[in-house]
Amino acid sequence: MTRATTVRAVLAAAVLLVSVFITLTMSPRLGLDLQGGTRMVLQAEDSATVEANGETTDRTLEVLRQRIDSLGVAEPVLTRSGEDRIIVELPDVQDPRQAAAVIGRTAQLSFHAVQGATPPGTEPESKPEPESKPESKPESETEPDSGSGRLTLPDEQGTQLDLGPARLSGAGVKDATASFEAQQAAGWTVKLDFHKDAGKDWTRLTGEAACHPAGDERRRVAIVLDEKVISSPQVDPSVGCQAGLPSGGTQITGSFSAKEARDLALLIKGGALPVPVEIVEQRTVGPTLGAAAIDASAQAALIGAAATALFITFVYRLFGALAAVALAAYGVISYAALVGLGVTLTLPGLAGFVLAIGMAVDANVLVFERAREECQDRPARSLRSALTTGFQKAFSAVADSNITTLLAAGLLFFLGSGPVKGFGVTLAIGVVASMFSALVIARALTEIAAGSRFVSDYRGVNGIARPGSVRTWLTRKDPQLFRKPVRWLVVSTVLVAVAVAGIVVRGVDLGVEFTGGRLVEYSTSRPVDVETARSTLADAGFGDAEVTTAGDGDISVRTGKLDNDGEHALREALATEGGETTKVRDELIGPSLGDELRRNALIALGVAVFVQLAYLAMRFRWTFAVASVVGMVHDVVIVVGAFAWLGRPVDGIFLAALLTVIGYSVNDSVVVFDRVRELWAGNRKTPLATIARRAVLQTVPRTVNTGMGALFILVALAVLGGDSLADFALALLIGIVVGTWSSVFTAVPGALVLERTTGAPPPVPGKASRRARAPRRDPLDNGARV
């Protein structure tokens, strides 16, 4: 065993030991779509006096944190996103109405002197200047005096209070606590404490109110939040005129219950938000849906990984079995990386983790196929030498294909939203872990095996000393693929035309994530068919609701703008036919956020095309780069068109699948053009069409074997993943099949046509090519020959 092999083995063992330790001692951090709960995205908005920026949003976040902590939610998470957005995650909260009500109190908390009152059911006294006074408003409305800042609001009993200008704001409240006063028989009370300057204003305000006789309405002080009087206590008769109440000695008494006192203290202490906030996104996932998604993904991962391992073992025999061991190690390492880095595992992220298992065999397949070629071209060379050359020659294609996938993962993270970011993170970690498992673990295992005389002598055992059946068949048939490359472009054009026809005729069913609105999925104790549910909801006033089936007999309802109270009413209406009705999933997207997400999706696709083109143009001839991008666009249009014809929704998870298809498509094209470049540099006088045909025939076994590994995983996800992952798996299944086609029959013919328009000479052999033609000698070979 050489020094390099020993270093790889020790490194692999160390990383695996650390990964196993992390896996056994740490638990994954699950997103709300897996553990169940409610996620809200709040948009901070400018007020009349305050701009919504990073500083005011941070202050707003802290106020919201105090409010939410009082709800008793276990481990709530509040984070700022960008300059003016706040993400609120509430685990295990299935009915977000209370949280939304607490969060949604956006107006300034203020304290006012009461200057008069009008009992309920009576008209307010006429004012001296009636011609300048606006018409009286209903009790539920605010009646401001634009000149003085005075308000007319109903108190807790409905009495209209004429309030003076705000004397101090909620920013001056230091603390507010609810307590039970048993000694003074006052019952539940709320104690107030103000900051220093605000305490002086409070003393002055209560001192002025104390100048009026006991029982006079003007002896009251009104506390106003969200244009509503939440409390209007009388100043105690013991307080003298202009004396006022000290900051720390203020108590609000009344016939409060424990809950009423705590709620009042919460509203006063939580107080005003520095800037108003609007709920632009709200997602609720039931605990059963998250648990089912985890179970389904675990089953899909086990079945798909087992099928992939059996397949590569069947194709590559012993070395395939060793690659399967490296694949298992990859799963442990990537999972440990996710857990150790504290990555929140979301449903798309879980799908990305499962998908990466199938894609992780790509590097091993590339290496084994190159080693097979070396054994076929030079049968007398040693197995170790062929394997070493295979790793050397495959490295360029492995690096380029993984970089293109990392670019797609980066776009998902930076331009995706919510859980889709998690898919980008897990995909990126999976790419890095797969590189390590292929280039370190699998290489160490196969090099140790190649040093065995038994493995080296018995060619049918090792799996690479003999060409595979696909390679043998292609070599015997030697199909002339590119005599007329234009005909393949015509076929691809027809496929694109069919896809575009579906987009035009059927239209793209944009999900609620891109259009705004609300999508709720319910599970009922009694079966309810779609027509019955639709008529029931129409009778309840939800005539515009779109009702469909989802999952195992569940009902999916999609509406336009619908608040939490409206959703509760909708659920109650559905319960009249379905019995006990449980909310399984709930997505609320504001119209402004829907427009933004739709715009970001288009930007992500545009940036993906540009970034891939720039990278390919740097690594290859411009004709190869343009042809690869044309094939990539071809794949994207066909996948979108297929979803249009099938009537499947296009949402954020579909966008994640589409960007993954882009990476996969470019990956396939990179492998083909890398071989074209290598062969053309070594045979500069050979026609490019012949070079391209040889390159395609040499890389087809890799494309087929890699595609099969991913297909096993995706079929398992499509069958076992349920509605949550079925569309994701379907998009990728279509994309992989179409991507395999386009890398051979769209990108290569396109490059041949473009090369006819340019007079650029063939590529010059570089150092890499010279090394490829004269590989490094086997360390165990002393060079002696007889």
# chains A, B, ... in the order shown; residues from 1 in each chain; ligands from 1

call {"tool": "select_by_dssp", "arguments": {"residues": "stretch 6-108 of chain A", "states": "alpha helix (DSSP H)", "output": "PyMOL selection string"}}
result
chain A and resi 6-25+32-35+54-69+97-103

call {"tool": "write_last_selection", "arguments": {"atoms": "N, CA and C atoms", "output": "tab-separated table (two decimals), in the first residue's frame"}}
result
chain	number	residue	atom	x	y	z
A	6	THR	N	-2.32	5.20	2.00
A	6	THR	CA	-2.38	5.19	3.46
A	6	THR	C	-2.95	6.49	4.01
A	7	VAL	N	-2.52	7.62	3.44
A	7	VAL	CA	-3.04	8.92	3.89
A	7	VAL	C	-4.54	9.01	3.64
A	8	ARG	N	-4.98	8.55	2.46
A	8	ARG	CA	-6.42	8.59	2.17
A	8	ARG	C	-7.19	7.69	3.13
A	9	ALA	N	-6.69	6.54	3.43
A	9	ALA	CA	-7.39	5.62	4.33
A	9	ALA	C	-7.49	6.20	5.74
A	10	VAL	N	-6.39	6.78	6.22
A	10	VAL	CA	-6.42	7.38	7.57
A	10	VAL	C	-7.39	8.56	7.61
A	11	LEU	N	-7.33	9.41	6.58
A	11	LEU	CA	-8.24	10.57	6.53
A	11	LEU	C	-9.69	10.12	6.48
A	12	ALA	N	-9.97	9.11	5.66
A	12	ALA	CA	-11.34	8.60	5.56
A	12	ALA	C	-11.81	8.05	6.90
A	13	ALA	N	-10.95	7.29	7.59
A	13	ALA	CA	-11.32	6.72	8.87
A	13	ALA	C	-11.58	7.81	9.91
A	14	ALA	N	-10.74	8.86	9.92
A	14	ALA	CA	-10.92	9.94	10.89
A	14	ALA	C	-12.23	10.67	10.65
A	15	VAL	N	-12.51	11.01	9.39
A	15	VAL	CA	-13.76	11.72	9.08
A	15	VAL	C	-14.96	10.87	9.42
A	16	LEU	N	-14.90	9.58	9.13
A	16	LEU	CA	-16.02	8.70	9.44
A	16	LEU	C	-16.24	8.57	10.95
A	17	LEU	N	-15.18	8.48	11.72
A	17	LEU	CA	-15.33	8.39	13.17
A	17	LEU	C	-15.98	9.64	13.73
A	18	VAL	N	-15.54	10.81	13.28
A	18	VAL	CA	-16.15	12.06	13.73
A	18	VAL	C	-17.62	12.12	13.32
A	19	SER	N	-17.91	11.69	12.09
A	19	SER	CA	-19.29	11.73	11.59
A	19	SER	C	-20.19	10.80	12.39
A	20	VAL	N	-19.70	9.62	12.69
A	20	VAL	CA	-20.49	8.69	13.49
A	20	VAL	C	-20.74	9.25	14.88
A	21	PHE	N	-19.72	9.87	15.47
A	21	PHE	CA	-19.88	10.47	16.80
A	21	PHE	C	-20.96	11.56	16.78
A	22	ILE	N	-20.90	12.44	15.77
A	22	ILE	CA	-21.90	13.50	15.66
A	22	ILE	C	-23.28	12.91	15.45
A	23	THR	N	-23.37	11.89	14.61
A	23	THR	CA	-24.67	11.28	14.31
A	23	THR	C	-25.30	10.67	15.56
A	24	LEU	N	-24.48	10.06	16.41
A	24	LEU	CA	-25.01	9.39	17.60
A	24	LEU	C	-25.28	10.34	18.76
A	25	THR	N	-24.64	11.48	18.79
A	25	THR	CA	-24.74	12.37	19.96
A	25	THR	C	-25.55	13.64	19.71
A	32	LEU	N	-40.07	23.78	10.50
A	32	LEU	CA	-41.47	23.67	10.90
A	32	LEU	C	-42.27	22.79	9.96
A	33	ASP	N	-41.83	22.70	8.69
A	33	ASP	CA	-42.59	21.86	7.76
A	33	ASP	C	-42.37	20.37	8.04
A	34	LEU	N	-41.42	20.05	8.93
A	34	LEU	CA	-41.21	18.66	9.33
A	34	LEU	C	-41.68	18.38	10.76
A	35	GLN	N	-41.52	19.35	11.67
A	35	GLN	CA	-41.93	19.10	13.05
A	35	GLN	C	-43.34	19.62	13.34
A	54	GLY	N	-33.02	48.71	9.02
A	54	GLY	CA	-32.47	47.64	9.85
A	54	GLY	C	-32.59	47.91	11.33
A	55	GLU	N	-32.35	49.16	11.75
A	55	GLU	CA	-32.40	49.50	13.17
A	55	GLU	C	-33.81	49.40	13.73
A	56	THR	N	-34.78	50.01	13.04
A	56	THR	CA	-36.16	49.97	13.54
A	56	THR	C	-36.73	48.56	13.45
A	57	THR	N	-36.30	47.79	12.46
A	57	THR	CA	-36.78	46.41	12.36
A	57	THR	C	-36.24	45.57	13.52
A	58	ASP	N	-34.99	45.81	13.91
A	58	ASP	CA	-34.43	45.09	15.07
A	58	ASP	C	-35.20	45.44	16.35
A	59	ARG	N	-35.55	46.71	16.51
A	59	ARG	CA	-36.32	47.10	17.71
A	59	ARG	C	-37.70	46.46	17.66
A	60	THR	N	-38.30	46.42	16.48
A	60	THR	CA	-39.61	45.78	16.34
A	60	THR	C	-39.52	44.30	16.67
A	61	LEU	N	-38.43	43.66	16.25
A	61	LEU	CA	-38.25	42.24	16.54
A	61	LEU	C	-38.21	41.99	18.05
A	62	GLU	N	-37.54	42.85	18.79
A	62	GLU	CA	-37.45	42.65	20.24
A	62	GLU	C	-38.81	42.84	20.90
A	63	VAL	N	-39.59	43.81	20.42
A	63	VAL	CA	-40.94	44.00	20.97
A	63	VAL	C	-41.78	42.76	20.70
A	64	LEU	N	-41.68	42.23	19.46
A	64	LEU	CA	-42.45	41.03	19.12
A	64	LEU	C	-41.99	39.83	19.94
A	65	ARG	N	-40.70	39.77	20.23
A	65	ARG	CA	-40.20	38.66	21.03
A	65	ARG	C	-40.84	38.66	22.41
A	66	GLN	N	-40.99	39.84	23.03
A	66	GLN	CA	-41.63	39.94	24.34
A	66	GLN	C	-43.09	39.50	24.25
A	67	ARG	N	-43.76	39.92	23.18
A	67	ARG	CA	-45.17	39.56	23.04
A	67	ARG	C	-45.33	38.04	22.87
A	68	ILE	N	-44.48	37.45	22.02
A	68	ILE	CA	-44.62	36.03	21.71
A	68	ILE	C	-44.20	35.18	22.89
A	69	ASP	N	-43.19	35.63	23.63
A	69	ASP	CA	-42.77	34.86	24.82
A	69	ASP	C	-43.92	34.71	25.81
A	97	ARG	N	-54.27	32.08	15.08
A	97	ARG	CA	-55.08	33.30	15.23
A	97	ARG	C	-54.63	34.14	16.42
A	98	GLN	N	-54.34	33.50	17.56
A	98	GLN	CA	-53.92	34.27	18.74
A	98	GLN	C	-52.57	34.93	18.50
A	99	ALA	N	-51.64	34.17	17.90
A	99	ALA	CA	-50.32	34.74	17.63
A	99	ALA	C	-50.43	35.88	16.63
A	100	ALA	N	-51.25	35.71	15.60
A	100	ALA	CA	-51.40	36.77	14.60
A	100	ALA	C	-52.06	38.00	15.22
A	101	ALA	N	-53.00	37.78	16.15
A	101	ALA	CA	-53.64	38.92	16.80
A	101	ALA	C	-52.65	39.70	17.65
A	102	VAL	N	-51.78	38.98	18.37
A	102	VAL	CA	-50.78	39.65	19.21
A	102	VAL	C	-49.75	40.36	18.34
A	103	ILE	N	-49.29	39.67	17.30
A	103	ILE	CA	-48.28	40.26	16.42
A	103	ILE	C	-48.86	41.44	15.65

call {"tool": "residues_around", "arguments": {"residues": "A:Gly215", "least_positions_apart": "3", "cutoff": "9 Å", "atoms": "only C-alpha atoms", "output": "mmCIF file with all heavy atoms, in the first residue's frame"}}
result
data_model
loop_
_atom_site.group_PDB
_atom_site.id
_atom_site.type_symbol
_atom_site.label_atom_id
_atom_site.label_comp_id
_atom_site.auth_asym_id
_atom_site.auth_seq_id
_atom_site.Cartn_x
_atom_site.Cartn_y
_atom_site.Cartn_z
ATOM 1 N N HIS A 212 -59.732 66.977 38.794
ATOM 2 C CA HIS A 212 -61.176 66.862 38.613
ATOM 3 C C HIS A 212 -61.757 66.003 39.729
ATOM 4 O O HIS A 212 -61.072 65.142 40.289
ATOM 5 C CB HIS A 212 -61.483 66.236 37.245
ATOM 6 C CG HIS A 212 -60.972 67.053 36.093
ATOM 7 N ND1 HIS A 212 -61.590 68.205 35.670
ATOM 8 C CD2 HIS A 212 -59.879 66.886 35.300
ATOM 9 C CE1 HIS A 212 -60.911 68.710 34.643
ATOM 10 N NE2 HIS A 212 -59.866 67.929 34.402
ATOM 11 N N ARG A 218 -63.374 63.129 33.405
ATOM 12 C CA ARG A 218 -62.088 63.758 33.117
ATOM 13 C C ARG A 218 -60.996 63.354 34.104
ATOM 14 O O ARG A 218 -59.837 63.743 33.932
ATOM 15 C CB ARG A 218 -62.261 65.276 33.116
ATOM 16 C CG ARG A 218 -63.118 65.785 31.958
ATOM 17 C CD ARG A 218 -63.428 67.247 32.098
ATOM 18 N NE ARG A 218 -64.246 67.507 33.283
ATOM 19 C CZ ARG A 218 -64.613 68.718 33.685
ATOM 20 N NH1 ARG A 218 -64.189 69.793 33.007
ATOM 21 N NH2 ARG A 218 -65.368 68.871 34.761
ATOM 22 N N ARG A 219 -61.387 62.596 35.144
ATOM 23 C CA ARG A 219 -60.376 62.091 36.083
ATOM 24 C C ARG A 219 -59.775 60.776 35.570
ATOM 25 O O ARG A 219 -58.938 60.173 36.236
ATOM 26 C CB ARG A 219 -61.009 61.889 37.458
ATOM 27 C CG ARG A 219 -59.992 61.769 38.609
ATOM 28 C CD ARG A 219 -60.640 61.620 39.957
ATOM 29 N NE ARG A 219 -59.652 61.397 41.002
ATOM 30 C CZ ARG A 219 -59.094 62.366 41.724
ATOM 31 N NH1 ARG A 219 -59.447 63.639 41.513
ATOM 32 N NH2 ARG A 219 -58.182 62.078 42.643
ATOM 33 N N ARG A 220 -60.162 60.360 34.404
ATOM 34 C CA ARG A 220 -59.668 59.108 33.828
ATOM 35 C C ARG A 220 -58.467 59.370 32.917
ATOM 36 O O ARG A 220 -58.300 60.460 32.368
ATOM 37 C CB ARG A 220 -60.769 58.410 33.024
ATOM 38 C CG ARG A 220 -61.967 58.018 33.873
ATOM 39 C CD ARG A 220 -63.165 57.638 33.017
ATOM 40 N NE ARG A 220 -62.953 56.404 32.269
ATOM 41 C CZ ARG A 220 -63.852 55.891 31.434
ATOM 42 N NH1 ARG A 220 -65.015 56.520 31.255
ATOM 43 N NH2 ARG A 220 -63.600 54.773 30.798
ATOM 44 N N GLN A 234 -59.710 55.313 36.369
ATOM 45 C CA GLN A 234 -59.833 56.561 37.135
ATOM 46 C C GLN A 234 -58.604 56.719 38.020
ATOM 47 O O GLN A 234 -58.085 55.743 38.570
ATOM 48 C CB GLN A 234 -61.079 56.513 38.023
ATOM 49 C CG GLN A 234 -62.374 56.774 37.289
ATOM 50 C CD GLN A 234 -62.845 58.213 37.491
ATOM 51 O OE1 GLN A 234 -62.267 58.971 38.286
ATOM 52 N NE2 GLN A 234 -63.892 58.594 36.768
ATOM 53 N N PRO A 237 -58.949 58.521 44.260
ATOM 54 C CA PRO A 237 -59.308 59.763 44.979
ATOM 55 C C PRO A 237 -58.227 60.229 45.942
ATOM 56 O O PRO A 237 -58.186 61.420 46.295
ATOM 57 C CB PRO A 237 -60.587 59.373 45.726
ATOM 58 C CG PRO A 237 -61.163 58.237 44.926
ATOM 59 C CD PRO A 237 -60.000 57.486 44.391
#

call {"tool": "closest_residue", "arguments": {"among": "A:Arg283, A:Arg471, A:Lys259, A:Arg598", "to": "A:Val520", "atoms": "only C-alpha atoms"}}
result
A:Arg283

call {"tool": "residues_around", "arguments": {"residues": "stretch 74-87 of chain A", "least_positions_apart": "6", "cutoff": "6 Å", "atoms": "only C-alpha atoms", "output": "list in words"}}
result
Met40, Val41, Leu42, Gln43, Ala44, Asn53, Gly54 and Thr57 of chain A

call {"tool": "closest_residue", "arguments": {"among": "A:Ala657, A:Leu109, A:Leu605, A:Ala695", "to": "A:Leu273", "atoms": "only C-alpha atoms"}}
result
A:Leu109

call {"tool": "closest_residue", "arguments": {"among": "A:Val496, A:Val611, A:Ala371, A:Leu439", "to": "A:Arg466", "atoms": "only C-alpha atoms"}}
result
A:Ala371

call {"tool": "residues_around", "arguments": {"residues": "A:Leu574", "least_positions_apart": "6", "cutoff": "10 Å", "atoms": "only C-alpha atoms", "output": "count of residues only"}}
result
14

call {"tool": "residues_around", "arguments": {"residues": "A:Thr189", "least_positions_apart": "3", "cutoff": "8 Å", "atoms": "only C-alpha atoms", "output": "list in words"}}
result
Ala178, Ser179, Phe180, Glu181, Ala186, Gln251, Ile252, Thr253, Gly254, Phe256 and Ala261 of chain A

call {"tool": "atom_distance", "arguments": {"atom1": "atom CA of A:Gly663", "atom2": "atom CA of A:Val432"}}
result
14.8 Å

call {"tool": "select_by_dssp", "arguments": {"residues": "stretch 223-392 of chain A", "states": "strand (DSSP E or B)", "output": "NGL selection string"}}
result
:A and (223-225 or 228-231 or 234 or 250-256 or 277-285 or 344-345)

call {"tool": "write_last_selection", "arguments": {"atoms": "N, CA and C atoms", "output": "mmCIF file, in the first residue's frame"}}
result
data_model
loop_
_atom_site.group_PDB
_atom_site.id
_atom_site.type_symbol
_atom_site.label_atom_id
_atom_site.label_comp_id
_atom_site.auth_asym_id
_atom_site.auth_seq_id
_atom_site.Cartn_x
_atom_site.Cartn_y
_atom_site.Cartn_z
ATOM 1 N N ILE A 223 -55.573 54.499 27.945
ATOM 2 C CA ILE A 223 -54.416 53.827 27.328
ATOM 3 C C ILE A 223 -54.911 53.262 25.996
ATOM 4 N N VAL A 224 -54.327 53.712 24.892
ATOM 5 C CA VAL A 224 -54.835 53.404 23.551
ATOM 6 C C VAL A 224 -53.791 52.584 22.784
ATOM 7 N N LEU A 225 -54.248 51.494 22.207
ATOM 8 C CA LEU A 225 -53.397 50.659 21.360
ATOM 9 C C LEU A 225 -54.195 50.249 20.133
ATOM 10 N N LYS A 228 -57.610 51.612 19.719
ATOM 11 C CA LYS A 228 -58.605 51.012 20.598
ATOM 12 C C LYS A 228 -58.209 51.285 22.042
ATOM 13 N N VAL A 229 -59.182 51.685 22.839
ATOM 14 C CA VAL A 229 -58.925 51.922 24.258
ATOM 15 C C VAL A 229 -58.855 50.573 24.954
ATOM 16 N N ILE A 230 -57.659 50.211 25.436
ATOM 17 C CA ILE A 230 -57.515 48.925 26.115
ATOM 18 C C ILE A 230 -57.711 49.061 27.619
ATOM 19 N N SER A 231 -57.618 50.302 28.141
ATOM 20 C CA SER A 231 -57.898 50.547 29.555
ATOM 21 C C SER A 231 -58.058 52.049 29.751
ATOM 22 N N GLN A 234 -59.710 55.313 36.369
ATOM 23 C CA GLN A 234 -59.833 56.561 37.135
ATOM 24 C C GLN A 234 -58.604 56.719 38.020
ATOM 25 N N THR A 250 -47.638 52.899 40.419
ATOM 26 C CA THR A 250 -48.896 52.936 39.688
ATOM 27 C C THR A 250 -49.482 51.540 39.569
ATOM 28 N N GLN A 251 -50.772 51.434 39.934
ATOM 29 C CA GLN A 251 -51.499 50.187 39.771
ATOM 30 C C GLN A 251 -52.809 50.466 39.062
ATOM 31 N N ILE A 252 -53.155 49.563 38.108
ATOM 32 C CA ILE A 252 -54.472 49.616 37.476
ATOM 33 C C ILE A 252 -55.297 48.509 38.105
ATOM 34 N N THR A 253 -56.391 48.921 38.760
ATOM 35 C CA THR A 253 -57.251 47.940 39.424
ATOM 36 C C THR A 253 -58.579 47.854 38.691
ATOM 37 N N GLY A 254 -59.307 46.812 38.962
ATOM 38 C CA GLY A 254 -60.605 46.596 38.340
ATOM 39 C C GLY A 254 -61.030 45.169 38.572
ATOM 40 N N SER A 255 -62.149 44.805 38.020
ATOM 41 C CA SER A 255 -62.644 43.427 38.188
ATOM 42 C C SER A 255 -61.996 42.528 37.133
ATOM 43 N N PHE A 256 -60.680 42.437 37.195
ATOM 44 C CA PHE A 256 -59.941 41.657 36.216
ATOM 45 C C PHE A 256 -59.923 40.187 36.613
ATOM 46 N N VAL A 277 -46.171 46.417 11.059
ATOM 47 C CA VAL A 277 -45.784 45.202 10.345
ATOM 48 C C VAL A 277 -47.029 44.576 9.720
ATOM 49 N N GLU A 278 -46.817 43.911 8.599
ATOM 50 C CA GLU A 278 -47.888 43.202 7.898
ATOM 51 C C GLU A 278 -47.464 41.760 7.685
ATOM 52 N N ILE A 279 -48.376 40.823 7.916
ATOM 53 C CA ILE A 279 -48.086 39.413 7.684
ATOM 54 C C ILE A 279 -48.194 39.160 6.182
ATOM 55 N N VAL A 280 -47.040 38.953 5.516
ATOM 56 C CA VAL A 280 -47.039 38.728 4.070
ATOM 57 C C VAL A 280 -46.953 37.244 3.735
ATOM 58 N N GLU A 281 -46.582 36.427 4.703
ATOM 59 C CA GLU A 281 -46.534 34.980 4.470
ATOM 60 C C GLU A 281 -46.810 34.261 5.772
ATOM 61 N N GLN A 282 -47.638 33.220 5.679
ATOM 62 C CA GLN A 282 -47.950 32.413 6.860
ATOM 63 C C GLN A 282 -48.126 30.965 6.422
ATOM 64 N N ARG A 283 -47.377 30.071 7.030
ATOM 65 C CA ARG A 283 -47.462 28.648 6.696
ATOM 66 C C ARG A 283 -47.666 27.854 7.985
ATOM 67 N N THR A 284 -48.640 26.983 7.951
ATOM 68 C CA THR A 284 -48.904 26.109 9.090
ATOM 69 C C THR A 284 -48.891 24.669 8.607
ATOM 70 N N VAL A 285 -48.151 23.822 9.311
ATOM 71 C CA VAL A 285 -48.043 22.406 8.950
ATOM 72 C C VAL A 285 -48.414 21.580 10.170
ATOM 73 N N THR A 344 -30.936 23.857 9.419
ATOM 74 C CA THR A 344 -32.341 23.501 9.622
ATOM 75 C C THR A 344 -32.797 22.633 8.467
ATOM 76 N N LEU A 345 -33.225 21.423 8.776
ATOM 77 C CA LEU A 345 -33.621 20.463 7.747
ATOM 78 C C LEU A 345 -35.091 20.670 7.410
#

call {"tool": "residues_around", "arguments": {"residues": "stretch 641-653 of chain A", "least_positions_apart": "5", "cutoff": "7 Å", "atoms": "only C-alpha atoms", "output": "ChimeraX atom specification"}}
result
/A:348,420,499-500,502-503,506-511,513-514,728

call {"tool": "write_last_selection", "arguments": {"atoms": "N, CA and C atoms", "output": "PDB file, in the first residue's frame"}}
result
ATOM      1  N   PRO A 348     -38.009  20.348   1.488  1.00  0.00           N
ATOM      2  CA  PRO A 348     -37.192  20.323   0.274  1.00  0.00           C
ATOM      3  C   PRO A 348     -35.747  19.940   0.558  1.00  0.00           C
ATOM      4  N   VAL A 420     -37.021  26.456   0.512  1.00  0.00           N
ATOM      5  CA  VAL A 420     -36.226  26.159  -0.674  1.00  0.00           C
ATOM      6  C   VAL A 420     -34.745  26.442  -0.419  1.00  0.00           C
ATOM      7  N   ALA A 499     -43.944  21.615 -25.966  1.00  0.00           N
ATOM      8  CA  ALA A 499     -43.945  22.163 -24.605  1.00  0.00           C
ATOM      9  C   ALA A 499     -44.502  23.583 -24.585  1.00  0.00           C
ATOM     10  N   VAL A 500     -44.086  24.399 -25.535  1.00  0.00           N
ATOM     11  CA  VAL A 500     -44.582  25.781 -25.602  1.00  0.00           C
ATOM     12  C   VAL A 500     -46.079  25.789 -25.869  1.00  0.00           C
ATOM     13  N   GLY A 502     -48.202  23.621 -24.819  1.00  0.00           N
ATOM     14  CA  GLY A 502     -48.850  23.360 -23.535  1.00  0.00           C
ATOM     15  C   GLY A 502     -48.893  24.592 -22.658  1.00  0.00           C
ATOM     16  N   ILE A 503     -47.810  25.384 -22.664  1.00  0.00           N
ATOM     17  CA  ILE A 503     -47.774  26.609 -21.860  1.00  0.00           C
ATOM     18  C   ILE A 503     -48.803  27.609 -22.366  1.00  0.00           C
ATOM     19  N   ARG A 506     -52.732  25.386 -22.311  1.00  0.00           N
ATOM     20  CA  ARG A 506     -53.199  25.019 -20.975  1.00  0.00           C
ATOM     21  C   ARG A 506     -52.859  26.070 -19.924  1.00  0.00           C
ATOM     22  N   GLY A 507     -51.779  26.802 -20.163  1.00  0.00           N
ATOM     23  CA  GLY A 507     -51.344  27.778 -19.175  1.00  0.00           C
ATOM     24  C   GLY A 507     -50.573  27.123 -18.052  1.00  0.00           C
ATOM     25  N   VAL A 508     -49.776  27.912 -17.370  1.00  0.00           N
ATOM     26  CA  VAL A 508     -48.992  27.424 -16.231  1.00  0.00           C
ATOM     27  C   VAL A 508     -49.779  27.682 -14.948  1.00  0.00           C
ATOM     28  N   ASP A 509     -50.027  26.623 -14.203  1.00  0.00           N
ATOM     29  CA  ASP A 509     -50.774  26.729 -12.950  1.00  0.00           C
ATOM     30  C   ASP A 509     -49.820  27.189 -11.848  1.00  0.00           C
ATOM     31  N   LEU A 510     -49.691  28.510 -11.710  1.00  0.00           N
ATOM     32  CA  LEU A 510     -48.808  29.046 -10.681  1.00  0.00           C
ATOM     33  C   LEU A 510     -49.381  28.752  -9.306  1.00  0.00           C
ATOM     34  N   GLY A 511     -48.548  28.251  -8.429  1.00  0.00           N
ATOM     35  CA  GLY A 511     -48.978  27.967  -7.072  1.00  0.00           C
ATOM     36  C   GLY A 511     -49.259  29.236  -6.294  1.00  0.00           C
ATOM     37  N   GLU A 513     -47.840  30.360  -3.900  1.00  0.00           N
ATOM     38  CA  GLU A 513     -46.603  31.023  -3.533  1.00  0.00           C
ATOM     39  C   GLU A 513     -46.248  32.137  -4.520  1.00  0.00           C
ATOM     40  N   PHE A 514     -46.666  31.984  -5.791  1.00  0.00           N
ATOM     41  CA  PHE A 514     -46.332  32.963  -6.814  1.00  0.00           C
ATOM     42  C   PHE A 514     -47.491  33.902  -7.136  1.00  0.00           C
ATOM     43  N   PHE A 728     -42.114  17.298  -6.972  1.00  0.00           N
ATOM     44  CA  PHE A 728     -40.664  17.509  -7.003  1.00  0.00           C
ATOM     45  C   PHE A 728     -39.982  16.361  -7.734  1.00  0.00           C
TER      46      PHE A 728
END

call {"tool": "closest_residue", "arguments": {"among": "A:Pro274, A:Gly187, A:Pro485, A:Pro91", "to": "A:Thr746", "atoms": "only C-alpha atoms"}}
result
A:Pro485

call {"tool": "residues_around", "arguments": {"residues": "A:Trp741", "least_positions_apart": "4", "cutoff": "10 Å", "atoms": "only C-alpha atoms", "output": "ChimeraX atom specification"}}
result
/A:492,631,635,665,668,735-737,745-747

call {"tool": "write_last_selection", "arguments": {"atoms": "C-alpha atoms", "output": "compact mmCIF listing (two decimals), in the first residue's frame"}}
result
# COMPACT_ATOMS: atom_id res chain seq x y z
CA SER A 492 -35.47 18.91 -30.27
CA GLY A 631 -29.58 22.33 -24.29
CA ASP A 635 -34.68 21.09 -20.81
CA SER A 665 -28.23 19.09 -17.68
CA ASP A 668 -24.08 15.83 -18.59
CA GLY A 735 -35.63 16.68 -16.30
CA ILE A 736 -33.12 13.80 -16.04
CA VAL A 737 -34.59 11.96 -19.02
CA PHE A 745 -28.80 15.13 -29.30
CA THR A 746 -29.15 18.87 -28.70
CA ALA A 747 -25.89 20.22 -27.26

call {"tool": "closest_residue", "arguments": {"among": "A:Val557, A:Ala450, A:Val670, A:Val636", "to": "A:Ala731", "atoms": "only C-alpha atoms"}}
result
A:Val636
